[in-house]
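Q: Let me begin by handing over the structure; questions about it come next.
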Amino acid sequence: MTTVKYILEDGSEVLIEADVGQNLMQLALDNNLAGIEGACGGSCMCGTCHVLIESVKGKQLEERDEMETVIIEMEIDELAPINSRLGCQITIQEGMESITARIANLSNF
Ligand code: FES
């Protein structure tokens, strides 16, 4: 199990236990968290699952690939910071202890 802390747009925090294989977009939807839409169903096409990764303990995330970077630059901001990620592209892996993700959708970035 990996503990995922979401920081919502109002600053409140929600802790959710996640299983290996779950991604941060679907996990947020399954728990009815505001600010994550997942309009493309996790196909790395829409940018409506945008989060800022604030910290990772244990196994680290892989760097975002070219497609994810293109969507972030097109749909979020050309100058988005490196911790700007698409939740659907972040899958919980063995050895990840915890992840803190700030929900930052298109309207408040
Ligand atoms: S759900 Fe569309 S890019 Fe993640």
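Here, A, B, ... name the chains of the structure tokens in the order displayed, residue numbers run from 1 inside each chain, and ligands are numbered from 1 in the same displayed order.
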How close does chain A get to ligand 1? List, as a Markdown table, each residue of chain A within 6 Å, its nearest atom pair and the distance in Å to one decimal, counting only C-alpha atoms and all ligand atoms.

A:
```
| residue | atom | partner | partner_atom_place_in_ligand_line | distance |
| --- | --- | --- | --- | --- |
| A:Gly38 | CA | ligand 1 | 1 (S) | 3.5 |
| A:Ala39 | CA | ligand 1 | 2 (Fe) | 5.3 |
| A:Cys40 | CA | ligand 1 | 2 (Fe) | 4.1 |
| A:Gly41 | CA | ligand 1 | 1 (S) | 4.9 |
| A:Gly42 | CA | ligand 1 | 1 (S) | 3.8 |
| A:Ser43 | CA | ligand 1 | 2 (Fe) | 5.5 |
| A:Cys44 | CA | ligand 1 | 3 (S) | 3.6 |
| A:Met45 | CA | ligand 1 | 3 (S) | 4.5 |
| A:Cys46 | CA | ligand 1 | 2 (Fe) | 4.0 |
| A:Gly47 | CA | ligand 1 | 3 (S) | 4.2 |
| A:Thr48 | CA | ligand 1 | 2 (Fe) | 5.5 |
| A:Cys49 | CA | ligand 1 | 4 (Fe) | 4.6 |
| A:Leu86 | CA | ligand 1 | 4 (Fe) | 5.3 |
| A:Gly87 | CA | ligand 1 | 4 (Fe) | 5.8 |
| A:Cys88 | CA | ligand 1 | 4 (Fe) | 4.3 |
```

Q: Just the strand (DSSP E) stuff from chain A, please, per backbone DSSP, written as a VMD selection string.

A: chain A and resid 2 to 7 13 to 18 50 to 58 84 to 86 96 to 103

Q: Have a look at A:Asn83, A:Glu97, A:Val51, A:Ile71 and name the one nearest to Ile7 (chain A); count only C-alpha atoms.

A: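 Distance minimum relative to Ile7 (chain A) lands on A:Val51.
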
Q: In Å, how far is it from CA of Met25 (chain A) to CA of Glu68 (chain A)?

A: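 Computing it gives 13.8 Å between the two atoms.
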
Q: Do you know which residues are at most 10 Å from Glu54 (chain A) counting only C-alpha atoms, after dropping those on the same chain fewer than 3 positions away, and could you put them as a ChimeraX atom specification?

A: /A:5-7,51,83-84,99-102

Q: Hey, what's within 12 Å of Lys57 (chain A) if we count only C-alpha atoms and toss same-chain stuff fewer than 4 positions away? As a list in words, please?

A: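 Once the nearby chain positions are removed, what remains is Thr2, Thr3, Val4, Lys5, Ile53, Leu61, Ile92, Gln93, Glu94, Gly95, Met96, Glu97, Ser98, Ile99 and Thr100 of chain A.
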
Q: From a DSSP pass on the backbone, collect the residues of region 38-75 of chain A flagged as helix (DSSP H, G or I) and hand them back as a list in words.

A: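 Helix (DSSP H, G or I) assignments inside region 38-75 of chain A correspond to Glu66, Met67, Glu68, Thr69, Val70, Ile71, Ile72, Glu73, Met74 and Glu75 of chain A.
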
Q: With only C-alpha atoms as the atoms that count, which of A:Met74, A:Thr91, A:Val56, A:Leu79 lies nearest to Asp19 (chain A)?

A: A:Thr91

Q: Quick one, how far is CA of Gly58 (chain A) from CA of Leu15 (chain A)?

A: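 Those two atoms sit 17.0 Å apart.
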
Q: If I take CA of Arg85 (chain A) and CA of Leu52 (chain A), how far is one from the other in Å, to one decimal?

A: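 These two atoms are separated by 6.0 Å.
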
Q: At a cut-off of 9 Å, using only C-alpha atoms, what residues contact Ala28 (chain A)? Leave out same-chain residues fewer than 5 positions from it and give the result as an MDAnalysis selection string.

A: chainID A and resid 6 16 23 33:37 49 87
